[in-house]
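Input: a single structure, listed below in structure tokens.
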Amino acid sequence: MIARQSEGATETEICWHGGEPLLLPSDYIEGVMALEHEILGDAQLKRGEYRNSLQSNLYSVQKDKLQLLAREHIELGVSLDLVGGVRLTAAGQETEDQVARNIDLLTKLGIDFGAIVVLAGHTRRQVTEIYDFYEELGVEVRFLPLFDAPLNEAGASFAASYPEMLDALKTLFLHWIDRPRRTRVSPLHEYLETILLHMLGRSKHRYDRKANGEFVLLVNTDGSLYERIDAYDRTKMLGNVFDQSINEVISSPNYQASLQRDVALAERYCSSCEYLGACDTSPLFESPRRDIGEARCHVAYPLYRFIDEYVRERRYTPSDLQRILTFA
Ligand code: SF4
């Protein structure tokens with residue numbers, strides 16, 4: 001579950017993750033939604049104070065289930081890398097063609113969706129072709145670098161190093177920025193927004209869990225609770241939701257220690273960074289890293305520099321960037 005606070009209002013997003021949530025029986029999904037309507041309120045769901053999103057590999061779907069998602073305004077994210085050989089069924093068959101057919105079904109039913117592409121060894125050389133596929137459909141796409149996933153190790157078919165993935169994101173940026181009918185692509189869109197703020201000398205609210213509360217917490221199957229950057233590291237566990245209330249967790253020494261680690265990390269990496277202010281420091285905390293980098297975060301920072309140099313060389317003005325970001 002994700003809770004966001006903006007101008008005093010809290011929006012809560014209930015994320016259906018799996019395994020594969022579309023394998024759940026329709027009556028189970030209907031039952032959960034009935035409970036949400038009863039507990040959270042029809043009006044609150046309608047106003048978007050509570051939203052549902054569901055992440056699917058879209059391999060096995062039934063039309064009635066998709067219609068149920070549409071009826072309940074459950075937002076759909078589709079994981080499709082468009083490169084064969086990595087995502088296989090239990091019988092070892094590639095899933096991409098089947099998923100592409102189901103995307104056609106979504107389009108026919110008028111169901112909006114966003115796409116997630118894992119950026120790793122199998123996709124890094126084809127990022128522009130993958131982007132073009134989603135641009136043609138008019139679908140937003142997020143490239144999710146597999147930086148420190150447990151299986152991203154030398155020898156794995158999808159292994160990729162940090163420099164290889166940064167190069168892939170730079171290639172994608174150069175392709176995307178010149179497209180006449182570009183679609184939103186994350187994280188490049190957000191990085192370009194940061195560069196626009198940097199040009200204008202403006203700041204975002206700083207990422208600050210102590211002041212603003214939590215954005216995402218990870219709960220393991222044994223109830224143990226973690227910040228994203230500390231995922232599943234028992235030495236940095238915040239508490240356990242099976243044994244403690246959230247208020248007990250937040251007032252615990254473990255939680256206070258995690259706030260102090262945030263402050264120390266931001267002080268070490270961000271305090272003298274030229275993008276601090278325009279960058280809210282959140283890239284430092286977004287996922288676990290084996291190695292954060294020498295002096296700056298080693299994902300967002302090199303990409304900010306790359307984009308910054310690119311827009312300066314082209315003599316782009318803030319209005320040019322605004323036009324690019326709003327697809328005008
Ligand atoms: S070091 Fe990274 S996270 Fe920190 S301000 Fe600079 S770009 Fe942002």
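By convention in this document, the chains of the structure tokens carry letters A, B, ... by their order, each chain's residues are numbered from 1, and ligands are numbered from 1 in the order they are shown.
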Would you mind listing the residues within 6 Å of ligand 1, counting only C-alpha atoms and all ligand atoms, as a PyMOL selection string? chain A and resi 269-270+273+275-276+279+281-284+296-297+300-301
Using only C-alpha atoms, determine which residues lie at most 8 Å from Ser287 in chain A, disregarding the query and same-chain residues fewer than 2 positions distant; provide the list as a PDB file with N, CA and C atoms, in the first residue's frame.
```pdb
ATOM      1  N   ARG A 228      12.507   0.867   1.656  1.00  0.00           N
ATOM      2  CA  ARG A 228      12.945   0.282   0.381  1.00  0.00           C
ATOM      3  C   ARG A 228      14.455   0.115   0.332  1.00  0.00           C
ATOM      4  N   ILE A 229      15.180   1.107   0.807  1.00  0.00           N
ATOM      5  CA  ILE A 229      16.640   1.046   0.706  1.00  0.00           C
ATOM      6  C   ILE A 229      17.226  -0.083   1.556  1.00  0.00           C
ATOM      7  N   ASP A 230      16.477  -0.511   2.561  1.00  0.00           N
ATOM      8  CA  ASP A 230      16.968  -1.558   3.481  1.00  0.00           C
ATOM      9  C   ASP A 230      16.303  -2.906   3.228  1.00  0.00           C
ATOM     10  N   ALA A 231      15.702  -3.063   2.036  1.00  0.00           N
ATOM     11  CA  ALA A 231      14.819  -4.203   1.802  1.00  0.00           C
ATOM     12  C   ALA A 231      15.386  -5.535   2.297  1.00  0.00           C
ATOM     13  N   LEU A 284      18.148   8.749  -3.823  1.00  0.00           N
ATOM     14  CA  LEU A 284      19.104   8.069  -2.951  1.00  0.00           C
ATOM     15  C   LEU A 284      18.449   6.924  -2.179  1.00  0.00           C
ATOM     16  N   PHE A 285      17.135   7.004  -2.030  1.00  0.00           N
ATOM     17  CA  PHE A 285      16.451   6.068  -1.129  1.00  0.00           C
ATOM     18  C   PHE A 285      15.523   5.096  -1.856  1.00  0.00           C
ATOM     19  N   ARG A 289      20.983  -0.649  -2.719  1.00  0.00           N
ATOM     20  CA  ARG A 289      22.142  -0.587  -3.620  1.00  0.00           C
ATOM     21  C   ARG A 289      23.302  -1.311  -2.950  1.00  0.00           C
TER      22      ARG A 289
END
```
Range 9-96 of chain A: residues DSSP assigns to alpha helix (DSSP H), reported as JSON, numbers by chain: {"A": [26, 27, 28, 29, 30, 31, 32, 33, 34, 35, 36, 37, 38, 39, 40, 42, 43, 44, 45, 46, 63, 64, 65, 66, 67, 68, 69, 70, 71, 96]}
Please provide as a PyMOL selection string all residues within 10 Å of Leu200 in chain A, with the sequence filter that same-chain residues fewer than 5 positions apart are discarded (counting only C-alpha atoms). chain A and resi 194-195+278+317-318
Now that the selection is made, can you save its residues with all heavy atoms as a compact mmCIF listing (two decimals), in the first residue's frame?
```txt
# COMPACT_ATOMS: atom_id res chain seq x y z
N THR A 194 13.37 17.60 -13.30
CA THR A 194 14.36 18.08 -12.33
C THR A 194 15.30 19.08 -12.98
O THR A 194 15.64 20.12 -12.38
CB THR A 194 15.15 16.88 -11.76
OG1 THR A 194 14.24 16.02 -11.10
CG2 THR A 194 16.22 17.33 -10.77
N ILE A 195 15.72 18.81 -14.20
CA ILE A 195 16.62 19.73 -14.90
C ILE A 195 15.91 21.06 -15.17
O ILE A 195 16.51 22.13 -15.06
CB ILE A 195 17.16 19.08 -16.19
CG1 ILE A 195 18.03 17.88 -15.82
CG2 ILE A 195 17.95 20.08 -17.04
CD1 ILE A 195 19.16 18.18 -14.84
N ALA A 278 16.33 21.13 -6.65
CA ALA A 278 15.55 20.62 -7.80
C ALA A 278 15.35 19.12 -7.62
O ALA A 278 14.29 18.58 -7.92
CB ALA A 278 16.30 20.91 -9.09
N THR A 317 15.54 26.48 -23.81
CA THR A 317 15.08 27.39 -22.77
C THR A 317 14.11 26.64 -21.85
O THR A 317 13.61 25.56 -22.21
CB THR A 317 14.31 28.57 -23.40
OG1 THR A 317 13.14 28.03 -24.04
CG2 THR A 317 15.16 29.32 -24.41
N PRO A 318 13.79 27.21 -20.68
CA PRO A 318 12.78 26.56 -19.82
C PRO A 318 11.46 26.34 -20.58
O PRO A 318 10.81 25.31 -20.40
CB PRO A 318 12.61 27.55 -18.67
CG PRO A 318 13.95 28.21 -18.56
CD PRO A 318 14.45 28.34 -19.98
```
Go through range 130-212 of chain A and flag each residue having an atom no more than 10 Å from range 93-112 of chain A; for those, report the closest pair of atoms plus their distance in Å to one decimal, using only C-alpha atoms, ordered by chain and rising number, as a tab-separated table.
```
residue	atom	partner	partner_atom	distance
A:Leu137	CA	A:Thr107	CA	8.7
A:Gly138	CA	A:Asp112	CA	9.8
A:Val139	CA	A:Asp112	CA	8.1
A:Glu140	CA	A:Asp112	CA	9.8
```
May I have the residues from that selection written out with N, CA and C atoms, as a PDB file, in the first residue's frame?
```
ATOM      1  N   LEU A 137       1.311   2.626 -29.445  1.00  0.00           N
ATOM      2  CA  LEU A 137       0.044   2.357 -28.746  1.00  0.00           C
ATOM      3  C   LEU A 137      -0.433   3.575 -27.944  1.00  0.00           C
ATOM      4  N   GLY A 138       0.447   4.572 -27.780  1.00  0.00           N
ATOM      5  CA  GLY A 138       0.095   5.738 -26.954  1.00  0.00           C
ATOM      6  C   GLY A 138       0.072   5.395 -25.472  1.00  0.00           C
ATOM      7  N   VAL A 139       0.924   4.448 -25.059  1.00  0.00           N
ATOM      8  CA  VAL A 139       0.918   3.959 -23.678  1.00  0.00           C
ATOM      9  C   VAL A 139       2.162   4.472 -22.945  1.00  0.00           C
ATOM     10  N   GLU A 140       1.965   4.963 -21.727  1.00  0.00           N
ATOM     11  CA  GLU A 140       3.104   5.394 -20.900  1.00  0.00           C
ATOM     12  C   GLU A 140       3.931   4.176 -20.509  1.00  0.00           C
TER      13      GLU A 140
END
```
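Taking CA of Arg51 in chain A as the reference point, CA of Tyr134 in chain A is found at 24.2 Å.
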If DSSP is run on the backbone, what residues of range 51-183 of chain A are strand (DSSP E or B)? A reply as a ChimeraX atom specification would be ideal. /A:51-56,75-79,88,94,113-119,141-145
Under the rule that only C-alpha atoms are counted, which of A:Thr123, A:Ala266, A:Leu192, A:Ala295 is the nearest residue to Tyr316 in chain A?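 Comparing A:Thr123, A:Ala266, A:Leu192, A:Ala295 against Tyr316 in chain A, the winner is A:Leu192.
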Give me, as a ChimeraX atom specification, all polymer residues having an atom no more than 7 Å from Val141 in chain A, counting only C-alpha atoms and skipping those fewer than 3 positions away in the same chain. /A:114-116,134,184-186
Residue neighbourhood Leu22 in chain A, 12 Å, only C-alpha atoms, exclusion window fewer than 4 positions, as a VMD selection string: chain A and resid 16 to 18 26 to 29 53 to 66 68 to 69 74 76 to 78
For Glu286 in chain A, the closest of A:Gln322, A:Val117, A:Asp262, A:Gly31 counting only C-alpha atoms is A:Asp262
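Proximity ranking of A:Asp167, A:Asp308, A:Glu75, A:Glu267 relative to Leu197 in chain A places A:Asp308 first, based on only C-alpha atoms.
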